Structures are given as C-alpha cells and as structure tokens.
Amino acid sequence: MASELHETIFTAKQERHKNLFLNYRNLNIFPGELLKDEGLQFLERLYMKRNSLTILPDNLAQKLPNLIEFDNALQVICPEIGRLRSLRHLRLSNNQLKFLPQELGDLKELETLDVSMNLLRTLPGRLHQCLSLQCLTADRNLLHCLPRHLCMLPDLNELSLAANCLTSLPLDLGRSMELQFVFVDNNVHLKGLPSYLYNKVIGCSGCGLAVQVSGGKQLSLTLGDLNVPLPSEVKAIGSEADRVLTLEEIVMRSLYLTYSQPGKDVKFLPRFLLPTSLLDLLQCPLGHCHRCSQPMFTIVYPKLFPLRETALAGVHRRTTVSFVAYCCSSQCLQMFDLQS
C-alpha cells in the first residue's frame, strides 16, 4: 500500500496533475510526500475521502493551493487553512469536527462550504467575512443557533441546516435577495421562521414537533396553543399597545444613523460611551424591521403567523412552525402584511 501511494504521488508530481485522488487509502497521517519540494504547487484538487486522518499539517497552505476536498475522521482543522486564499470549495463532511477555526473568515474566494455530519455546536463568528460564499451546508451537527452576522453574506444563495438542535433563527435571515433556498428540516425545537423566508424555497419538515424547548432562557411569543422561542439575543419585546420606544433604543438608532453616514465609522466611536455588547450591535444590528427595514438593537415587536394558516399549509404538512414578523414599532407591527 505504501509503495502504491508513493507511486501515485510521484506520478502526480512528474505529470503535473491538477487532481489527485487518495480516497480509501486507510491513511491515518497526512502523507509527507505531498509536502516535499515544490512538485505539487500546481495541484488544484485533492480528494482524501474515507481515510482516518485526525489532523492536517500546519504548512499545508504553503504547499498545496486552491481547491481541496476532505472527508475523513478529522478532529481538528488547523488555523493555517485560512492561508489557502485561492480556495473556492471546502468539503469537510462526515468527520468528527467539534469546532472550526475563525481563520475560515480569511477565505475571501470561498464559494462552497460543506461541514455536514460533524459535532459542531457553533459556527465561526468570522464566517460572514467569506464574501464569496454561495452555498453553506451544515446538516446533522449539534448547532443550537446561528451567528446573526451570517445574514450579512452578500452572495449566499443556499443554506442547509437540517437535523441540528436549532431553537431559533436570526431575525434577518432571508432579508438578502440572493438567499433563495433555506433548509432547516428536522430541527424539532425550531418553531419560528423569520417572515423574510415566506417567499423563499424552504424545507421545514419535522420542525416544531418537540413539546417544549429544553433549557435556555429565551423569550418566547405565545398565540393560542403556540409558544415560539425567540433568538436568545432578543432581550425585550414590545406590543401593539407600546407607543413609545425605550430611551436605550432611541439612542442606538440615533448613533447608528449618525455613524452610517459617508465618512463615518462605528469603529471610531469612543469606547467608553457604550458597553461592548452595544458597540457590537451598532456594527451588526439585531435585525431590520420586516416592514420598513429600520435597524433594531435592543427591542423588537414580533407577531406570529402560523404556517398552517397561510397559503403554504398544503405544501408543508409535517411541521408546526410559524412565521415571525419582527417589527421596529407598534405602528409597523399593526401594518405588517405577510402576503405583501
């Protein structure tokens, strides 16, 4: 087996192969021959499915460029993967990954990321910096929530998060016109979908079937027999009877309006003026009003629309989810129309 592997790599170097297939080789360490000399600088695609690798070498980025696909028993992805600046497709499905390095955010050319069937509980906070990302697949993990910053991805077209442990979704998910396909099937604790998703292609079969959400201190919205947990970042909710915004929300909206003007930047706001949590919200608001797009920071005005009472009821049968409209004021809440 070792001599066959040596011959395969030697031939690839000599003939300057762009694709190298090392699938089903029973490898438990990364082949050192791949990193020797400069013979594989031209390699574009490396496939190593169904091996037993647990870690990747630190100097991988220096030796192998462009497109890489892994499907092993990896337990760790080294931060150096962020140096593969030409990487466009990264497939890390069916491994044992428990976390992903923040350095993935350095992959500005990345278009496809597949991290399905791992042990991930969170996604990197800097993933929204992958400005070319079009397809993100993270099915069959242990995700409880998504970073709201993911809603900032300008080119994201497809998001698949089936069979996780999600209890809520970011307020702005679906606000981008580019995002057209969202699949969250079999998240049994997920009972609310942002109303932005109403006109998207969605998969939500098996959602909301759990009797109650276990643990957590999330606020929730109740309508009849429905009880829908809201994202944990939502700390206050208003109602149609509330006519005046809180002072904190008024200040945040004023600061945002000021520092979103040309030539201004929140980064230059004196740090002593606001707590770190509020400074982060100024850079990435909690969400935008589903009616008028006003940024929201410390309070939202939500309203439930049970899917079973919408035109989509005949399409999505095995689910008990509701669409949640997040509005910026009682006035917008009263005027919001899911069908418009």
# chains A, B, ... in the order shown; residues from 1 in each chain; ligands from 1
$ select_by_dssp --residues "segment 245-305 of chain A" --states "alpha helix (DSSP H)" --output "list in words"
Leu247, Glu248, Glu249, Ile250, Val251, Met252, Arg253, Ser254, Leu255, Tyr256, Leu257, Thr258, Tyr259, Thr276, Ser277, Leu278, Leu279, Asp280, Leu281, Leu282 and Gln283 of chain A
$ residues_around --residues "segment 158-168 of chain A" --least-positions-apart "6" --cutoff "8 Å" --atoms "only C-alpha atoms" --output "ChimeraX atom specification"
/A:134-145,179-193,213,229-231
$ closest_residue --among "A:Leu307, A:Leu173, A:Leu312, A:Ala241" --to "Gly208 of chain A" --atoms "only C-alpha atoms"
A:Leu307
$ closest_residue --among "A:Gln339, A:Gln218, A:Thr258, A:Asn59" --to "Val234 of chain A" --atoms "only C-alpha atoms"
A:Gln218
$ closest_atom_pairs --of "segment 181-253 of chain A" --to "segment 271-289 of chain A" --cutoff "9 Å" --atoms "only C-alpha atoms" --output "Markdown table"
| residue | atom | partner | partner_atom | distance |
| --- | --- | --- | --- | --- |
| A:Glu233 | CA | A:Leu286 | CA | 7.4 |
| A:Val234 | CA | A:Leu286 | CA | 7.7 |
| A:Met252 | CA | A:Leu282 | CA | 7.2 |
| A:Arg253 | CA | A:Leu282 | CA | 8.5 |
$ write_last_selection --atoms "C-alpha atoms" --output "PDB file, in the first residue's frame"
ATOM      1  CA  GLU A 233     -30.159  37.863  21.558  1.00  0.00           C
ATOM      2  CA  VAL A 234     -33.658  39.336  21.835  1.00  0.00           C
ATOM      3  CA  MET A 252     -28.897  53.312  19.491  1.00  0.00           C
ATOM      4  CA  ARG A 253     -30.894  54.219  16.400  1.00  0.00           C
TER       5      ARG A 253
END
$ residues_around --residues "Leu84 of chain A" --least-positions-apart "3" --cutoff "6 Å" --atoms "only C-alpha atoms" --output "compact mmCIF listing (two decimals) with C-alpha atoms, in the first residue's frame"
# COMPACT_ATOMS: atom_id res chain seq x y z
CA ALA A 61 -1.26 26.23 2.95
CA ILE A 81 -6.22 26.71 6.44
CA LEU A 87 -9.68 28.08 -2.01
$ closest_residue --among "A:Phe297, A:Tyr47, A:Tyr256, A:Tyr198" --to "Val324 of chain A" --atoms "only C-alpha atoms"
A:Tyr198
$ residues_around --residues "Ile9 of chain A" --least-positions-apart "5" --cutoff "12 Å" --atoms "only C-alpha atoms" --output "PyMOL selection string"
chain A and resi 2-4+14-22+31-36+39-40+43+46
$ atom_distance --atom1 "atom CA of Thr246 of chain A" --atom2 "atom CA of Thr222 of chain A"
22.6 Å
$ residues_around --residues "Ala236 of chain A" --least-positions-apart "5" --cutoff "10 Å" --atoms "only C-alpha atoms" --output "PyMOL selection string"
chain A and resi 219+297-301
$ write_last_selection --atoms "N, CA, C and O atoms" --output "PDB file, in the first residue's frame"
ATOM      1  N   LEU A 219     -36.655  34.414  25.463  1.00  0.00           N
ATOM      2  CA  LEU A 219     -38.007  34.958  25.457  1.00  0.00           C
ATOM      3  C   LEU A 219     -38.821  34.192  24.425  1.00  0.00           C
ATOM      4  O   LEU A 219     -38.273  33.645  23.460  1.00  0.00           O
ATOM      5  N   PHE A 297     -32.151  47.232  17.691  1.00  0.00           N
ATOM      6  CA  PHE A 297     -30.983  46.949  18.515  1.00  0.00           C
ATOM      7  C   PHE A 297     -31.301  46.292  19.858  1.00  0.00           C
ATOM      8  O   PHE A 297     -30.671  45.310  20.221  1.00  0.00           O
ATOM      9  N   THR A 298     -32.235  46.834  20.609  1.00  0.00           N
ATOM     10  CA  THR A 298     -32.462  46.338  21.968  1.00  0.00           C
ATOM     11  C   THR A 298     -33.889  45.855  22.210  1.00  0.00           C
ATOM     12  O   THR A 298     -34.172  45.259  23.247  1.00  0.00           O
ATOM     13  N   ILE A 299     -34.791  46.113  21.271  1.00  0.00           N
ATOM     14  CA  ILE A 299     -36.178  45.695  21.432  1.00  0.00           C
ATOM     15  C   ILE A 299     -36.786  45.419  20.065  1.00  0.00           C
ATOM     16  O   ILE A 299     -36.430  46.076  19.077  1.00  0.00           O
ATOM     17  N   VAL A 300     -37.658  44.424  20.004  1.00  0.00           N
ATOM     18  CA  VAL A 300     -38.364  44.112  18.755  1.00  0.00           C
ATOM     19  C   VAL A 300     -39.849  43.970  19.058  1.00  0.00           C
ATOM     20  O   VAL A 300     -40.250  43.723  20.204  1.00  0.00           O
ATOM     21  N   TYR A 301     -40.636  44.130  18.019  1.00  0.00           N
ATOM     22  CA  TYR A 301     -42.091  43.977  18.124  1.00  0.00           C
ATOM     23  C   TYR A 301     -42.496  42.814  17.216  1.00  0.00           C
ATOM     24  O   TYR A 301     -42.665  42.978  16.010  1.00  0.00           O
TER      25      TYR A 301
END
$ select_by_dssp --residues "segment 143-336 of chain A" --states "strand (DSSP E)" --output "ChimeraX atom specification"
/A:158-160,181-183,192-194,201-203,220-223,226-229,287-288,295-296,301-306,322-327
$ closest_residue --among "A:Ala12, A:Leu221, A:Ile77, A:Met48" --to "Asn28 of chain A" --atoms "only C-alpha atoms"
A:Met48
$ closest_residue --among "A:Leu120, A:Val321, A:Leu64, A:Leu127" --to "Leu104 of chain A" --atoms "only C-alpha atoms"
A:Leu127
$ decode --residues "segment 120-252 of chain A" --atoms "C-alpha atoms" --output "CSV table (one decimal), in the first residue's frame"
chain,number,residue,atom,x,y,z
A,120,LEU,CA,-20.2,21.3,15.7
A,121,ARG,CA,-22.1,23.3,18.3
A,122,THR,CA,-21.3,26.7,16.8
A,123,LEU,CA,-20.1,28.2,13.5
A,124,PRO,CA,-17.2,30.7,13.4
A,125,GLY,CA,-18.2,34.3,14.2
A,126,ARG,CA,-16.0,35.4,11.3
A,127,LEU,CA,-17.6,33.2,8.7
A,128,HIS,CA,-19.5,36.3,7.4
A,129,GLN,CA,-16.2,37.6,6.1
A,130,CYS,CA,-16.3,34.9,3.4
A,131,LEU,CA,-17.8,37.4,1.0
A,132,SER,CA,-17.9,35.0,-2.0
A,133,LEU,CA,-19.7,32.2,-0.1
A,134,GLN,CA,-22.7,31.0,-2.1
A,135,CYS,CA,-23.6,27.6,-0.5
A,136,LEU,CA,-23.3,26.7,3.2
A,137,THR,CA,-24.2,23.2,4.3
A,138,ALA,CA,-24.1,22.2,7.9
A,139,ASP,CA,-26.6,19.4,8.2
A,140,ARG,CA,-26.5,16.8,11.0
A,141,ASN,CA,-24.5,18.7,13.6
A,142,LEU,CA,-25.3,20.0,17.1
A,143,LEU,CA,-26.0,23.6,16.3
A,144,HIS,CA,-28.3,25.5,18.7
A,145,CYS,CA,-28.1,28.9,17.0
A,146,LEU,CA,-26.6,30.8,14.1
A,147,PRO,CA,-24.4,33.9,14.3
A,148,ARG,CA,-26.6,36.8,13.1
A,149,HIS,CA,-23.6,38.1,11.2
A,150,LEU,CA,-24.2,35.3,8.6
A,151,CYS,CA,-27.1,37.4,7.3
A,152,MET,CA,-24.5,39.8,6.0
A,153,LEU,CA,-23.2,37.4,3.4
A,154,PRO,CA,-23.9,39.2,0.1
A,155,ASP,CA,-23.8,36.2,-2.2
A,156,LEU,CA,-25.2,33.4,-0.1
A,157,ASN,CA,-27.8,31.6,-2.2
A,158,GLU,CA,-28.4,28.3,-0.3
A,159,LEU,CA,-28.3,27.5,3.4
A,160,SER,CA,-28.9,24.0,4.7
A,161,LEU,CA,-29.1,23.3,8.4
A,162,ALA,CA,-31.2,20.2,8.6
A,163,ALA,CA,-31.2,17.8,11.6
A,164,ASN,CA,-29.5,20.1,14.1
A,165,CYS,CA,-30.6,21.4,17.5
A,166,LEU,CA,-31.8,24.9,16.4
A,167,THR,CA,-34.3,26.7,18.6
A,168,SER,CA,-34.4,29.9,16.6
A,169,LEU,CA,-33.0,31.7,13.5
A,170,PRO,CA,-31.5,35.2,13.2
A,171,LEU,CA,-34.1,37.9,12.6
A,172,ASP,CA,-32.6,39.0,9.3
A,173,LEU,CA,-32.3,35.5,7.7
A,174,GLY,CA,-33.8,35.8,4.3
A,175,ARG,CA,-33.6,39.5,4.0
A,176,SER,CA,-30.9,39.2,1.3
A,177,MET,CA,-32.4,38.9,-2.1
A,178,GLU,CA,-29.6,36.4,-3.0
A,179,LEU,CA,-30.6,33.9,-0.4
A,180,GLN,CA,-33.3,31.7,-2.1
A,181,PHE,CA,-33.0,28.3,-0.6
A,182,VAL,CA,-33.1,27.6,3.2
A,183,PHE,CA,-33.5,24.0,4.6
A,184,VAL,CA,-34.0,23.5,8.3
A,185,ASP,CA,-35.8,20.2,8.3
A,186,ASN,CA,-35.9,18.0,11.4
A,187,ASN,CA,-34.9,20.7,13.9
A,188,VAL,CA,-37.6,19.5,16.3
A,189,HIS,CA,-37.2,22.5,18.7
A,190,LEU,CA,-37.4,25.1,15.9
A,191,LYS,CA,-40.8,26.7,16.0
A,192,GLY,CA,-40.3,30.1,14.4
A,193,LEU,CA,-39.1,31.2,11.0
A,194,PRO,CA,-38.3,34.9,10.1
A,195,SER,CA,-41.1,36.2,7.9
A,196,TYR,CA,-38.4,37.1,5.3
A,197,LEU,CA,-38.4,33.4,4.4
A,198,TYR,CA,-42.1,33.3,3.4
A,199,ASN,CA,-41.3,33.9,-0.3
A,200,LYS,CA,-38.2,31.7,-0.3
A,201,VAL,CA,-37.8,28.0,-1.1
A,202,ILE,CA,-37.8,26.4,2.4
A,203,GLY,CA,-37.6,23.0,3.9
A,204,CYS,CA,-39.1,22.7,7.4
A,205,SER,CA,-40.5,19.2,7.6
A,206,GLY,CA,-40.2,17.8,11.1
A,207,CYS,CA,-39.7,21.2,12.7
A,208,GLY,CA,-41.5,22.3,15.9
A,209,LEU,CA,-42.5,18.8,16.8
A,210,ALA,CA,-40.9,18.8,20.3
A,211,VAL,CA,-43.3,19.5,23.2
A,212,GLN,CA,-41.0,22.1,24.6
A,213,VAL,CA,-37.5,23.5,24.3
A,214,SER,CA,-35.1,22.2,26.8
A,215,GLY,CA,-33.1,24.6,28.9
A,216,GLY,CA,-32.2,28.2,27.9
A,217,LYS,CA,-33.7,31.5,29.0
A,218,GLN,CA,-35.1,32.6,25.6
A,219,LEU,CA,-38.0,35.0,25.5
A,220,SER,CA,-41.0,33.4,23.7
A,221,LEU,CA,-44.1,34.5,21.9
A,222,THR,CA,-47.4,32.9,22.6
A,223,LEU,CA,-50.5,32.7,20.4
A,224,GLY,CA,-53.2,30.3,21.5
A,225,ASP,CA,-51.6,26.9,21.8
A,226,LEU,CA,-48.4,28.1,20.1
A,227,ASN,CA,-45.3,29.0,22.0
A,228,VAL,CA,-42.4,30.2,19.8
A,229,PRO,CA,-38.9,30.8,21.3
A,230,LEU,CA,-37.2,33.9,20.0
A,231,PRO,CA,-33.5,34.2,19.4
A,232,SER,CA,-31.5,34.5,22.7
A,233,GLU,CA,-30.2,37.9,21.6
A,234,VAL,CA,-33.7,39.3,21.8
A,235,LYS,CA,-33.8,40.8,25.3
A,236,ALA,CA,-37.0,42.8,25.2
A,237,ILE,CA,-40.2,42.6,23.2
A,238,GLY,CA,-42.9,45.3,22.6
A,239,SER,CA,-46.6,45.0,21.8
A,240,GLU,CA,-49.1,47.0,19.8
A,241,ALA,CA,-50.0,48.9,23.0
A,242,ASP,CA,-46.5,50.3,23.4
A,243,ARG,CA,-46.5,53.7,21.7
A,244,VAL,CA,-43.1,55.0,22.9
A,245,LEU,CA,-39.7,53.4,22.3
A,246,THR,CA,-37.3,52.9,25.1
A,247,LEU,CA,-34.6,55.6,25.6
A,248,GLU,CA,-31.9,53.0,25.0
A,249,GLU,CA,-33.3,52.0,21.6
A,250,ILE,CA,-33.8,55.7,20.6
A,251,VAL,CA,-30.1,56.4,21.4
A,252,MET,CA,-28.9,53.3,19.5
